[in-house]
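Note sheet for the following structure.
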Amino acid sequence: RFEKPQRGEVIVFNQPTEKKYLIKRIIGLPGETIEIKGDVVTIVNNDRPNGFTLDEPYIAPENKRDANLRITLALDEYFVLGDNRRASADSRAWGALPRDHIIGRALVRLYPFNQLSLNPGNIDFDE
């Protein structure tokens, strides 16, 4: 079973522009506006109309990447980003991820072997 996708979850999905599977982190939820200025990600939604800056402790400084983008998601769309921002093909490149492309949640991290874990990348964002 796959419950409603939540911000911070690492998911598996079919890339909208190619026939391949990817694993990325959910950053934006349906109906939200995501704004990226430099390496700062701001989320605007009904609960936070003035927006809030996303704290991303899982991004190593050498993996950050500057971008300038603003996108408002439809009610069945998500915005996903890779944790390795410098080399990630994600919503910055191909846009919003339709809900029906999501397959499930990443449950096990196998590589690198010294970081083997269950429920990898699980982050509880404070909004």
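Just remember, in the structure tokens the first chain shown is A, the second B, etc., residues are 1-based per chain, and ligands are 1-based in the order shown.
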Within 7 Å of Arg86 (chain A), counting only C-alpha atoms, which residues qualify if same-chain residues fewer than 3 places away don't, as a PyMOL selection string?
-> chain A and resi 63-65
Excluding same-chain residues fewer than 3 positions from region 69-85 of chain A, what lies within 8 Å of it counting only C-alpha atoms, as a CSV table (one decimal) with C-alpha atoms, in the first residue's frame?
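This went into part-v7.csv:
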chain,number,residue,atom,x,y,z
A,23,ILE,CA,14.2,7.9,-7.0
A,24,LYS,CA,13.8,11.5,-5.6
A,25,ARG,CA,12.6,13.4,-2.6
A,26,ILE,CA,9.2,15.0,-2.5
A,27,ILE,CA,9.6,18.8,-2.0
A,28,GLY,CA,6.3,20.3,-3.2
A,29,LEU,CA,2.7,19.0,-2.6
A,30,PRO,CA,-0.4,19.4,-4.8
A,31,GLY,CA,-1.6,23.1,-5.0
A,32,GLU,CA,1.6,24.6,-3.6
A,33,THR,CA,4.0,27.1,-5.2
A,34,ILE,CA,7.7,26.2,-5.1
A,35,GLU,CA,10.2,29.0,-5.6
A,36,ILE,CA,13.9,28.3,-5.9
A,37,LYS,CA,16.3,31.3,-5.7
A,58,TYR,CA,20.4,16.1,4.0
A,59,ILE,CA,22.1,18.2,1.2
A,60,ALA,CA,25.9,18.3,1.4
A,63,ASN,CA,26.0,19.0,-3.8
A,64,LYS,CA,24.0,22.3,-3.8
A,65,ARG,CA,23.2,23.9,-7.1
A,88,SER,CA,20.1,15.3,-10.5
A,89,ALA,CA,17.5,15.1,-13.3
A,90,ASP,CA,14.4,16.2,-11.4
A,91,SER,CA,11.4,18.6,-11.5
A,92,ARG,CA,13.8,21.5,-12.2
A,95,GLY,CA,8.6,20.0,-14.4
A,96,ALA,CA,5.9,18.7,-12.1
A,97,LEU,CA,5.5,15.0,-11.4
A,98,PRO,CA,1.9,13.7,-12.0
A,99,ARG,CA,0.5,11.6,-9.1
Within 12 Å of Glu3 (chain A), counting only C-alpha atoms, which residues qualify if same-chain residues fewer than 3 places away don't, as an MDAnalysis selection string?
-> chainID A and resid 6 9 11 99 102:105
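Compared by their closest atoms to Ile43 (chain A), and using only C-alpha atoms, the residues A:Ala87, A:Pro16, A:Trp94, A:Arg7 rank with A:Arg7 nearest.
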Atomic distance CA of Phe52 (chain A) - CA of Pro5 (chain A), expressed in Å with one decimal = 19.6 Å
For CA of Asn50 (chain A) and CA of Lys4 (chain A), quote the distance in Å rounded to one decimal.
->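 Between these atoms lies a distance of 24.8 Å.
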Looking only at helix (DSSP H, G or I) from DSSP on the backbone, list the matching residues of chain A as a PyMOL selection string.
-> chain A and resi 61-63+85-87+91-94+99-101+113-115
Could you give me the residues within region 68-114 of chain A that DSSP places in strand (DSSP E or B), as a list in words?
->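 Selecting the strand (DSSP E or B) positions of region 68-114 of chain A gives Asn68, Leu69, Arg70, Ile71, Thr72, Glu77, Tyr78, Phe79, Val80, Leu81, Leu97, Pro98, Ile102, Ile103, Gly104, Arg105, Val108 and Arg109 of chain A.
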For CA of Gln15 (chain A) and CA of Val44 (chain A), determine how far apart the two atoms are, in Å to one decimal place.
-> 24.7 Å
